[in-house]
>>> print(open('model_18.pdb').read())   # PDB, C-alpha atoms
ATOM      1  CA  MET A 161      40.231  10.994  24.020  1.00  0.00           C
ATOM      2  CA  SER A 162      40.848   8.030  21.735  1.00  0.00           C
ATOM      3  CA  ALA A 163      37.677   6.120  21.036  1.00  0.00           C
ATOM      4  CA  ILE A 164      35.692   4.021  18.616  1.00  0.00           C
ATOM      5  CA  ALA A 165      32.024   4.812  18.024  1.00  0.00           C
ATOM      6  CA  GLN A 166      29.404   2.201  17.227  1.00  0.00           C
ATOM      7  CA  ILE A 167      25.915   2.427  15.807  1.00  0.00           C
ATOM      8  CA  SER A 168      23.733  -0.491  14.829  1.00  0.00           C
ATOM      9  CA  ASP A 169      20.448  -1.630  13.373  1.00  0.00           C
ATOM     10  CA  LEU A 170      19.639   1.473  11.340  1.00  0.00           C
ATOM     11  CA  HIS A 171      17.048  -0.369   9.192  1.00  0.00           C
ATOM     12  CA  VAL A 172      17.157   2.438   6.636  1.00  0.00           C
ATOM     13  CA  VAL A 173      14.312   2.447   4.101  1.00  0.00           C
ATOM     14  CA  GLU A 174      13.691   4.514   0.987  1.00  0.00           C
ATOM     15  CA  ARG A 175      12.994   8.204   1.583  1.00  0.00           C
ATOM     16  CA  GLY A 176       9.347   8.821   2.376  1.00  0.00           C
ATOM     17  CA  ALA A 177       8.802   5.264   3.621  1.00  0.00           C
ATOM     18  CA  LEU A 178       8.480   3.966   7.187  1.00  0.00           C
ATOM     19  CA  ALA A 179      10.018   0.748   8.487  1.00  0.00           C
ATOM     20  CA  TYR A 180       7.245  -1.607   9.582  1.00  0.00           C
ATOM     21  CA  GLY A 181       4.876   1.201   8.579  1.00  0.00           C
ATOM     22  CA  ILE A 182       5.624   3.162  11.774  1.00  0.00           C
ATOM     23  CA  VAL A 183       9.323   4.098  12.144  1.00  0.00           C
ATOM     24  CA  ASP A 184      11.052   6.898  10.217  1.00  0.00           C
ATOM     25  CA  THR A 185      14.406   5.145  10.252  1.00  0.00           C
ATOM     26  CA  VAL A 186      15.964   7.614   7.802  1.00  0.00           C
ATOM     27  CA  ALA A 187      15.318  10.507  10.180  1.00  0.00           C
ATOM     28  CA  CYS A 188      16.628   8.396  13.058  1.00  0.00           C
ATOM     29  CA  ALA A 189      19.835   7.550  11.198  1.00  0.00           C
ATOM     30  CA  LYS A 190      20.357  11.202  10.315  1.00  0.00           C
ATOM     31  CA  ALA A 191      19.943  12.151  13.984  1.00  0.00           C
ATOM     32  CA  ALA A 192      22.570   9.563  14.955  1.00  0.00           C
ATOM     33  CA  ILE A 193      25.024  10.890  12.377  1.00  0.00           C
ATOM     34  CA  ASP A 194      24.425  14.479  13.485  1.00  0.00           C
ATOM     35  CA  ARG A 195      25.112  13.413  17.077  1.00  0.00           C
ATOM     36  CA  LEU A 196      28.338  11.683  16.058  1.00  0.00           C
ATOM     37  CA  ASN A 197      29.526  14.713  14.106  1.00  0.00           C
ATOM     38  CA  HIS A 198      29.301  16.779  17.291  1.00  0.00           C
ATOM     39  CA  LEU A 199      31.427  14.376  19.356  1.00  0.00           C
ATOM     40  CA  GLU A 200      35.183  14.814  19.692  1.00  0.00           C
ATOM     41  CA  GLY A 201      37.962  12.250  19.931  1.00  0.00           C
ATOM     42  CA  ILE A 202      36.334   9.613  17.702  1.00  0.00           C
ATOM     43  CA  ASP A 203      38.884   7.750  15.582  1.00  0.00           C
ATOM     44  CA  ALA A 204      36.468   5.545  13.639  1.00  0.00           C
ATOM     45  CA  LEU A 205      32.857   4.413  13.488  1.00  0.00           C
ATOM     46  CA  PHE A 206      31.714   0.812  13.139  1.00  0.00           C
ATOM     47  CA  VAL A 207      28.165   0.127  11.946  1.00  0.00           C
ATOM     48  CA  THR A 208      27.312  -3.383  13.091  1.00  0.00           C
ATOM     49  CA  GLY A 209      24.617  -4.610  10.774  1.00  0.00           C
ATOM     50  CA  ASP A 210      20.994  -4.383   9.735  1.00  0.00           C
ATOM     51  CA  LEU A 211      22.103  -1.330   7.829  1.00  0.00           C
ATOM     52  CA  VAL A 212      18.884  -1.266   5.799  1.00  0.00           C
ATOM     53  CA  GLN A 213      15.485  -2.904   6.052  1.00  0.00           C
ATOM     54  CA  HIS A 214      15.064  -4.917   2.847  1.00  0.00           C
ATOM     55  CA  GLY A 215      18.570  -5.122   1.390  1.00  0.00           C
ATOM     56  CA  THR A 216      17.765  -3.182  -1.787  1.00  0.00           C
ATOM     57  CA  VAL A 217      20.105  -1.033  -3.853  1.00  0.00           C
ATOM     58  CA  CYS A 218      17.765   1.944  -3.355  1.00  0.00           C
ATOM     59  CA  GLU A 219      17.939   1.638   0.413  1.00  0.00           C
ATOM     60  CA  TYR A 220      21.736   1.362   0.374  1.00  0.00           C
ATOM     61  CA  ALA A 221      21.876   4.464  -1.810  1.00  0.00           C
ATOM     62  CA  VAL A 222      19.931   6.369   0.875  1.00  0.00           C
ATOM     63  CA  LEU A 223      22.279   5.000   3.536  1.00  0.00           C
ATOM     64  CA  LEU A 224      25.332   6.066   1.529  1.00  0.00           C
ATOM     65  CA  SER A 225      23.982   9.607   1.199  1.00  0.00           C
ATOM     66  CA  LEU A 226      23.576   9.766   4.984  1.00  0.00           C
ATOM     67  CA  LEU A 227      26.951   8.261   5.877  1.00  0.00           C
ATOM     68  CA  GLU A 228      28.789  10.527   3.433  1.00  0.00           C
ATOM     69  CA  THR A 229      28.086  13.412   5.822  1.00  0.00           C
ATOM     70  CA  LEU A 230      30.169  11.789   8.598  1.00  0.00           C
ATOM     71  CA  THR A 231      33.345  13.541   9.671  1.00  0.00           C
ATOM     72  CA  VAL A 232      35.099  10.295  10.745  1.00  0.00           C
ATOM     73  CA  PRO A 233      36.042   7.126   8.817  1.00  0.00           C
ATOM     74  CA  TYR A 234      33.388   4.427   8.998  1.00  0.00           C
ATOM     75  CA  TYR A 235      33.283   0.673   8.490  1.00  0.00           C
ATOM     76  CA  LEU A 236      30.271  -1.511   7.742  1.00  0.00           C
ATOM     77  CA  LEU A 237      29.177  -5.006   8.674  1.00  0.00           C
ATOM     78  CA  PRO A 238      26.092  -6.766   7.298  1.00  0.00           C
ATOM     79  CA  GLY A 239      23.261  -8.079   9.455  1.00  0.00           C
ATOM     80  CA  ASN A 240      20.426 -10.471   8.730  1.00  0.00           C
ATOM     81  CA  HIS A 241      18.391  -7.747   6.972  1.00  0.00           C
ATOM     82  CA  ASP A 242      21.265  -6.964   4.599  1.00  0.00           C
ATOM     83  CA  ARG A 243      22.145  -8.409   1.205  1.00  0.00           C
ATOM     84  CA  HIS A 244      25.819  -8.750   0.361  1.00  0.00           C
ATOM     85  CA  ASP A 245      25.596  -8.124  -3.385  1.00  0.00           C
ATOM     86  CA  ALA A 246      23.554  -4.917  -3.081  1.00  0.00           C
ATOM     87  CA  LEU A 247      25.733  -3.667  -0.213  1.00  0.00           C
ATOM     88  CA  ARG A 248      28.912  -4.206  -2.223  1.00  0.00           C
ATOM     89  CA  GLU A 249      27.416  -2.633  -5.337  1.00  0.00           C
ATOM     90  CA  VAL A 250      26.525   0.648  -3.633  1.00  0.00           C
ATOM     91  CA  PHE A 251      29.555   0.772  -1.317  1.00  0.00           C
ATOM     92  CA  SER A 252      32.011  -0.286  -4.017  1.00  0.00           C
ATOM     93  CA  GLY A 253      34.613   2.135  -2.652  1.00  0.00           C
ATOM     94  CA  HIS A 254      34.769   0.142   0.584  1.00  0.00           C
ATOM     95  CA  LYS A 255      37.287  -2.446  -0.559  1.00  0.00           C
ATOM     96  CA  TYR A 256      37.418  -4.169   2.840  1.00  0.00           C
ATOM     97  CA  LEU A 257      33.950  -5.576   2.059  1.00  0.00           C
ATOM     98  CA  GLY A 258      35.552  -7.859  -0.515  1.00  0.00           C
ATOM     99  CA  THR A 259      33.950  -9.056  -3.720  1.00  0.00           C
ATOM    100  CA  SER A 260      32.149 -12.249  -2.667  1.00  0.00           C
ATOM    101  CA  GLY A 261      31.326 -14.445   0.287  1.00  0.00           C
ATOM    102  CA  SER A 262      31.433 -13.410   3.921  1.00  0.00           C
ATOM    103  CA  VAL A 263      32.860 -10.076   5.024  1.00  0.00           C
ATOM    104  CA  ARG A 264      35.962 -10.222   7.241  1.00  0.00           C
ATOM    105  CA  TYR A 265      38.480  -7.447   7.835  1.00  0.00           C
ATOM    106  CA  HIS A 266      41.071  -6.079  10.265  1.00  0.00           C
ATOM    107  CA  VAL A 267      41.277  -2.363  11.106  1.00  0.00           C
ATOM    108  CA  ASN A 268      44.151  -0.972  13.175  1.00  0.00           C
ATOM    109  CA  THR A 269      42.851   1.996  15.135  1.00  0.00           C
ATOM    110  CA  VAL A 270      42.558   2.694  18.910  1.00  0.00           C
ATOM    111  CA  VAL A 271      42.626  -1.103  19.235  1.00  0.00           C
ATOM    112  CA  ASP A 272      42.862  -3.831  16.616  1.00  0.00           C
ATOM    113  CA  VAL A 273      39.317  -4.368  15.373  1.00  0.00           C
ATOM    114  CA  LEU A 274      38.570  -7.750  13.828  1.00  0.00           C
ATOM    115  CA  ALA A 275      35.215  -7.532  12.045  1.00  0.00           C
ATOM    116  CA  ILE A 276      33.397 -10.753  11.201  1.00  0.00           C
ATOM    117  CA  ASP A 277      30.262 -11.513   9.217  1.00  0.00           C
ATOM    118  CA  THR A 278      27.734 -13.665  11.104  1.00  0.00           C
ATOM    119  CA  VAL A 279      24.928 -13.583   8.514  1.00  0.00           C
ATOM    120  CA  ARG A 280      23.292 -16.928   7.823  1.00  0.00           C
ATOM    121  CA  ASP A 281      21.393 -16.490   4.573  1.00  0.00           C
ATOM    122  CA  GLY A 282      17.667 -16.998   4.967  1.00  0.00           C
ATOM    123  CA  PHE A 283      17.756 -17.008   8.749  1.00  0.00           C
ATOM    124  CA  GLU A 284      17.315 -14.399  11.455  1.00  0.00           C
ATOM    125  CA  GLY A 285      19.936 -16.033  13.652  1.00  0.00           C
ATOM    126  CA  GLY A 286      23.661 -15.947  12.980  1.00  0.00           C
ATOM    127  CA  HIS A 287      26.577 -18.305  12.340  1.00  0.00           C
ATOM    128  CA  VAL A 288      30.280 -18.070  13.116  1.00  0.00           C
ATOM    129  CA  THR A 289      31.538 -20.382  10.394  1.00  0.00           C
ATOM    130  CA  GLY A 290      34.613 -22.572  10.401  1.00  0.00           C
ATOM    131  CA  GLU A 291      36.190 -20.267   7.807  1.00  0.00           C
ATOM    132  CA  THR A 292      35.597 -17.269  10.067  1.00  0.00           C
ATOM    133  CA  LEU A 293      37.085 -19.069  13.067  1.00  0.00           C
ATOM    134  CA  THR A 294      40.147 -20.021  11.022  1.00  0.00           C
ATOM    135  CA  TRP A 295      40.538 -16.402   9.913  1.00  0.00           C
ATOM    136  CA  LEU A 296      40.251 -15.160  13.500  1.00  0.00           C
ATOM    137  CA  ALA A 297      42.753 -17.746  14.694  1.00  0.00           C
ATOM    138  CA  GLY A 298      45.227 -16.409  12.145  1.00  0.00           C
ATOM    139  CA  GLN A 299      44.595 -12.737  12.930  1.00  0.00           C
ATOM    140  CA  LEU A 300      44.563 -12.773  16.737  1.00  0.00           C
ATOM    141  CA  PRO A 301      48.223 -13.721  17.342  1.00  0.00           C
ATOM    142  CA  ALA A 302      49.378 -11.012  14.924  1.00  0.00           C
ATOM    143  CA  CYS A 303      47.669  -8.175  16.823  1.00  0.00           C
ATOM    144  CA  ALA A 304      50.168  -5.958  18.626  1.00  0.00           C
ATOM    145  CA  GLN A 305      47.589  -4.220  20.824  1.00  0.00           C
ATOM    146  CA  PRO A 306      44.314  -5.132  22.553  1.00  0.00           C
ATOM    147  CA  VAL A 307      41.627  -6.570  20.300  1.00  0.00           C
ATOM    148  CA  MET A 308      37.972  -5.777  19.737  1.00  0.00           C
ATOM    149  CA  ILE A 309      35.828  -8.203  17.735  1.00  0.00           C
ATOM    150  CA  ALA A 310      32.910  -6.631  15.856  1.00  0.00           C
ATOM    151  CA  MET A 311      29.934  -8.701  14.701  1.00  0.00           C
ATOM    152  CA  HIS A 312      26.192  -8.371  14.178  1.00  0.00           C
ATOM    153  CA  HIS A 313      24.801 -11.302  16.162  1.00  0.00           C
ATOM    154  CA  PRO A 314      25.891 -11.306  19.832  1.00  0.00           C
ATOM    155  CA  PRO A 315      27.290 -14.541  21.320  1.00  0.00           C
ATOM    156  CA  ILE A 316      24.986 -14.107  24.342  1.00  0.00           C
ATOM    157  CA  PRO A 317      21.202 -14.532  24.763  1.00  0.00           C
ATOM    158  CA  SER A 318      18.856 -11.564  24.767  1.00  0.00           C
ATOM    159  CA  GLY A 319      16.026 -12.861  26.939  1.00  0.00           C
ATOM    160  CA  SER A 320      13.668 -12.122  24.046  1.00  0.00           C
ATOM    161  CA  ALA A 321      12.031 -13.941  21.161  1.00  0.00           C
ATOM    162  CA  LEU A 322      15.224 -13.362  19.158  1.00  0.00           C
ATOM    163  CA  ASP A 323      16.710 -16.275  21.096  1.00  0.00           C
ATOM    164  CA  ARG A 324      14.631 -18.670  18.983  1.00  0.00           C
ATOM    165  CA  GLU A 325      17.588 -18.743  16.594  1.00  0.00           C
ATOM    166  CA  SER A 326      20.800 -18.752  18.607  1.00  0.00           C
ATOM    167  CA  LEU A 327      24.270 -18.046  17.225  1.00  0.00           C
ATOM    168  CA  ILE A 328      25.690 -21.208  15.651  1.00  0.00           C
ATOM    169  CA  GLY A 329      29.378 -21.650  16.472  1.00  0.00           C
ATOM    170  CA  ARG A 330      29.136 -19.778  19.768  1.00  0.00           C
ATOM    171  CA  GLU A 331      31.005 -22.469  21.721  1.00  0.00           C
ATOM    172  CA  ASP A 332      33.846 -22.580  19.187  1.00  0.00           C
ATOM    173  CA  LEU A 333      34.144 -18.792  19.319  1.00  0.00           C
ATOM    174  CA  GLU A 334      34.256 -18.931  23.113  1.00  0.00           C
ATOM    175  CA  ARG A 335      37.149 -21.397  23.095  1.00  0.00           C
ATOM    176  CA  LEU A 336      39.092 -19.280  20.619  1.00  0.00           C
ATOM    177  CA  VAL A 337      38.557 -15.952  22.382  1.00  0.00           C
ATOM    178  CA  ARG A 338      39.661 -17.264  25.795  1.00  0.00           C
ATOM    179  CA  GLY A 339      43.223 -17.642  24.607  1.00  0.00           C
ATOM    180  CA  HIS A 340      43.720 -14.040  23.516  1.00  0.00           C
ATOM    181  CA  ASP A 341      43.662 -10.424  24.746  1.00  0.00           C
ATOM    182  CA  VAL A 342      40.179  -9.564  23.488  1.00  0.00           C
ATOM    183  CA  ARG A 343      38.879  -6.523  25.409  1.00  0.00           C
ATOM    184  CA  ARG A 344      35.434  -6.255  23.837  1.00  0.00           C
ATOM    185  CA  ILE A 345      33.077  -8.076  21.548  1.00  0.00           C
ATOM    186  CA  ILE A 346      30.741  -5.465  20.078  1.00  0.00           C
ATOM    187  CA  ALA A 347      27.492  -6.439  18.400  1.00  0.00           C
ATOM    188  CA  GLY A 348      23.969  -5.304  17.557  1.00  0.00           C
ATOM    189  CA  HIS A 349      20.842  -7.237  16.534  1.00  0.00           C
ATOM    190  CA  TYR A 350      19.059  -7.022  19.903  1.00  0.00           C
ATOM    191  CA  HIS A 351      17.966  -3.354  19.655  1.00  0.00           C
ATOM    192  CA  ARG A 352      18.895  -2.845  23.317  1.00  0.00           C
ATOM    193  CA  ALA A 353      21.968  -1.930  25.350  1.00  0.00           C
ATOM    194  CA  ILE A 354      23.070  -5.233  26.905  1.00  0.00           C
ATOM    195  CA  THR A 355      26.341  -6.053  28.653  1.00  0.00           C
ATOM    196  CA  ALA A 356      27.486  -9.557  29.595  1.00  0.00           C
ATOM    197  CA  ALA A 357      30.590 -11.566  30.383  1.00  0.00           C
ATOM    198  CA  PHE A 358      31.688 -14.041  27.716  1.00  0.00           C
ATOM    199  CA  ALA A 359      34.887 -16.065  27.308  1.00  0.00           C
ATOM    200  CA  GLY A 360      36.849 -13.910  29.713  1.00  0.00           C
ATOM    201  CA  THR A 361      35.876 -10.665  28.015  1.00  0.00           C
ATOM    202  CA  ILE A 362      32.885  -8.323  27.799  1.00  0.00           C
ATOM    203  CA  VAL A 363      30.136  -8.296  25.200  1.00  0.00           C
ATOM    204  CA  SER A 364      28.635  -4.846  24.528  1.00  0.00           C
ATOM    205  CA  VAL A 365      25.409  -4.871  22.524  1.00  0.00           C
ATOM    206  CA  CYS A 366      24.555  -1.573  20.872  1.00  0.00           C
ATOM    207  CA  PRO A 367      20.999  -0.196  20.868  1.00  0.00           C
ATOM    208  CA  SER A 368      19.338   0.626  17.573  1.00  0.00           C
ATOM    209  CA  THR A 369      19.520   4.151  16.180  1.00  0.00           C
ATOM    210  CA  ALA A 370      15.740   3.846  15.781  1.00  0.00           C
ATOM    211  CA  HIS A 371      13.286   1.522  17.538  1.00  0.00           C
ATOM    212  CA  GLN A 372      14.226  -0.499  20.625  1.00  0.00           C
ATOM    213  CA  LEU A 373      12.834  -3.908  21.525  1.00  0.00           C
ATOM    214  CA  ALA A 374      10.622  -4.008  24.580  1.00  0.00           C
ATOM    215  CA  TRP A 375      11.845  -5.533  27.823  1.00  0.00           C
ATOM    216  CA  ASP A 376       9.541  -5.642  30.826  1.00  0.00           C
ATOM    217  CA  GLY A 377      11.222  -8.150  33.106  1.00  0.00           C
ATOM    218  CA  ASN A 378       9.250 -11.110  31.797  1.00  0.00           C
ATOM    219  CA  ALA A 379       9.951 -13.619  29.068  1.00  0.00           C
ATOM    220  CA  PHE A 380       7.821 -13.008  26.007  1.00  0.00           C
ATOM    221  CA  ASP A 381       7.141 -14.871  22.805  1.00  0.00           C
ATOM    222  CA  GLU A 382       6.851 -12.058  20.286  1.00  0.00           C
ATOM    223  CA  LEU A 383       8.913  -9.011  19.500  1.00  0.00           C
ATOM    224  CA  ARG A 384       7.466  -5.638  20.438  1.00  0.00           C
ATOM    225  CA  PHE A 385       8.860  -2.164  19.776  1.00  0.00           C
ATOM    226  CA  TRP A 386       9.385   0.355  22.543  1.00  0.00           C
ATOM    227  CA  SER A 387       9.720   4.128  22.113  1.00  0.00           C
ATOM    228  CA  GLU A 388      12.809   4.236  24.314  1.00  0.00           C
ATOM    229  CA  PRO A 389      15.504   6.830  23.462  1.00  0.00           C
ATOM    230  CA  PRO A 390      17.835   5.562  20.712  1.00  0.00           C
ATOM    231  CA  ALA A 391      21.537   5.532  21.515  1.00  0.00           C
ATOM    232  CA  LEU A 392      25.037   4.821  20.267  1.00  0.00           C
ATOM    233  CA  LEU A 393      28.074   3.356  22.006  1.00  0.00           C
ATOM    234  CA  ILE A 394      31.491   4.932  22.513  1.00  0.00           C
ATOM    235  CA  HIS A 395      34.309   2.475  23.270  1.00  0.00           C
ATOM    236  CA  GLU A 396      37.045   4.574  24.838  1.00  0.00           C
ATOM    237  CA  ARG A 397      40.611   3.478  25.453  1.00  0.00           C
ATOM    238  CA  ILE A 398      42.381   5.055  28.442  1.00  0.00           C
ATOM    239  CA  GLY A 399      45.840   3.567  28.731  1.00  0.00           C
ATOM    240  CA  ASP A 400      45.323  -0.158  29.106  1.00  0.00           C
ATOM    241  CA  GLU A 401      41.651   0.163  30.038  1.00  0.00           C
ATOM    242  CA  MET A 402      38.557   0.033  27.813  1.00  0.00           C
ATOM    243  CA  LEU A 403      35.385   1.889  28.798  1.00  0.00           C
ATOM    244  CA  THR A 404      32.051   1.677  27.019  1.00  0.00           C
ATOM    245  CA  HIS A 405      29.668   4.638  27.211  1.00  0.00           C
ATOM    246  CA  VAL A 406      26.001   4.592  26.206  1.00  0.00           C
ATOM    247  CA  VAL A 407      25.293   7.952  24.557  1.00  0.00           C
ATOM    248  CA  PRO A 408      21.625   8.844  23.928  1.00  0.00           C
ATOM    249  CA  ILE A 409      21.043  10.269  20.472  1.00  0.00           C
ATOM    250  CA  ASP A 410      17.964  12.256  21.481  1.00  0.00           C
ATOM    251  CA  SER A 411      14.968  11.983  23.779  1.00  0.00           C
ATOM    252  CA  GLY A 412      13.132   9.532  21.547  1.00  0.00           C
ATOM    253  CA  GLU A 413       9.934  11.544  21.958  1.00  0.00           C
ATOM    254  CA  HIS A 414       9.378  11.538  18.188  1.00  0.00           C
ATOM    255  CA  LEU A 415       9.182   7.741  18.197  1.00  0.00           C
ATOM    256  CA  VAL A 416       5.518   6.924  18.714  1.00  0.00           C
ATOM    257  CA  LEU A 417       5.315   3.184  18.231  1.00  0.00           C
ATOM    258  CA  GLY A 418       2.426   0.783  18.425  1.00  0.00           C
TER     259      GLY A 418
END
>>> encode(input="model_18.pdb", output="structure tokens")
Amino acid sequence: MSAIAQISDLHVVERGALAYGIVDTVACAKAAIDRLNHLEGIDALFVTGDLVQHGTVCEYAVLLSLLETLTVPYYLLPGNHDRHDALREVFSGHKYLGTSGSVRYHVNTVVDVLAIDTVRDGFEGGHVTGETLTWLAGQLPACAQPVMIAMHHPPIPSGSALDRESLIGREDLERLVRGHDVRRIIAGHYHRAITAAFAGTIVSVCPSTAHQLAWDGNAFDELRFWSEPPALLIHERIGDEMLTHVVPIDSGEHLVLG
């Protein structure tokens, strides 16, 4: 098997603390990493944002200690909970993160992965900037194999209160993607497994390694946590086909959320 793994929205806090006062996100992240280390055929792991809860150096240091136990190469993207300077300080060995500004990089693995930074400082919602679109437009024609775009904020709605701040630049991204062989857009942010068509391709939203956001078939105005089993995604390439598998990390029974 040749595949890319994805985890998202770890929201790691300092050891001994609980995210939102109720979720042991460190234990959840460790469980996800243990699960990954027991899977075969994984070429690389992409972690698509909200790596930590408050964007502090101490939290990133905890995250680094967890990720160092992985048996596969891994690549990071920031989310709206992350802070670029602290991330780069702790993960200084990850040169693809750059030294300033938005994070953008190209990894050649099972497919060509183009990773883009959608963080809009001070906002929960994201932004695909003109600079990012220009970078993508330059990278896409040079890819010799199918492409996967990795980002934190999905270019599709969630049906939840997170839609209050939609992704700026979504329409421009749609126009750009339609002209190229993009097999997947992978994202996080929504804390749920969501699949949707977009711009002639498929968007796969990864669940959180910790708490999921509630969905009960009705629109709702505030975000609520749900003790649903956490999961990761495996994006498998079989010949010219791409499959996405939702892989539960554990039963989720330890997550007792209010």
>>> closest_residue(input="model_18.pdb", among="A:Arg324, A:Arg338, A:His312, A:His171", to="A:His371", atoms="only C-alpha atoms")
A:His171
>>> atom_distance(input="model_18.pdb", atom1="atom CA of A:Ala163", atom2="atom CA of A:Val267")
13.5 Å
>>> atom_distance(input="model_18.pdb", atom1="atom CA of A:Arg280", atom2="atom CA of A:Ala347")
15.5 Å
>>> resolve_selection(input="model_18.pdb", expression="the PyMOL selection byres ((chain A and resi 217-228) around 8)", output="list in words")
Val172, Val173, Glu174, Arg175, Ala189, Lys190, Ile193, Leu211, Val212, Gln213, His214, Gly215, Thr216, Thr229, Leu230, Ala246, Leu247, Glu249, Val250 and Phe251 of chain A
>>> resolve_selection(input="model_18.pdb", expression="the PyMOL selection byres ((chain A and resi 399) around 12)", output="list in words")
Met161, Ser162, Ala163, Val270, Val271, Gln305, Pro306, Glu396, Arg397, Ile398, Asp400, Glu401, Met402 and Leu403 of chain A
>>> closest_residue(input="model_18.pdb", among="A:Ala359, A:His340, A:Arg330, A:Thr185", to="A:Gly298", atoms="all atoms listed in the file")
A:His340
>>> resolve_selection(input="model_18.pdb", expression="the PyMOL selection byres ((chain A and resi 309) around 7)", output="PyMOL selection string")
chain A and resi 273-275+307-308+310-311+344-346
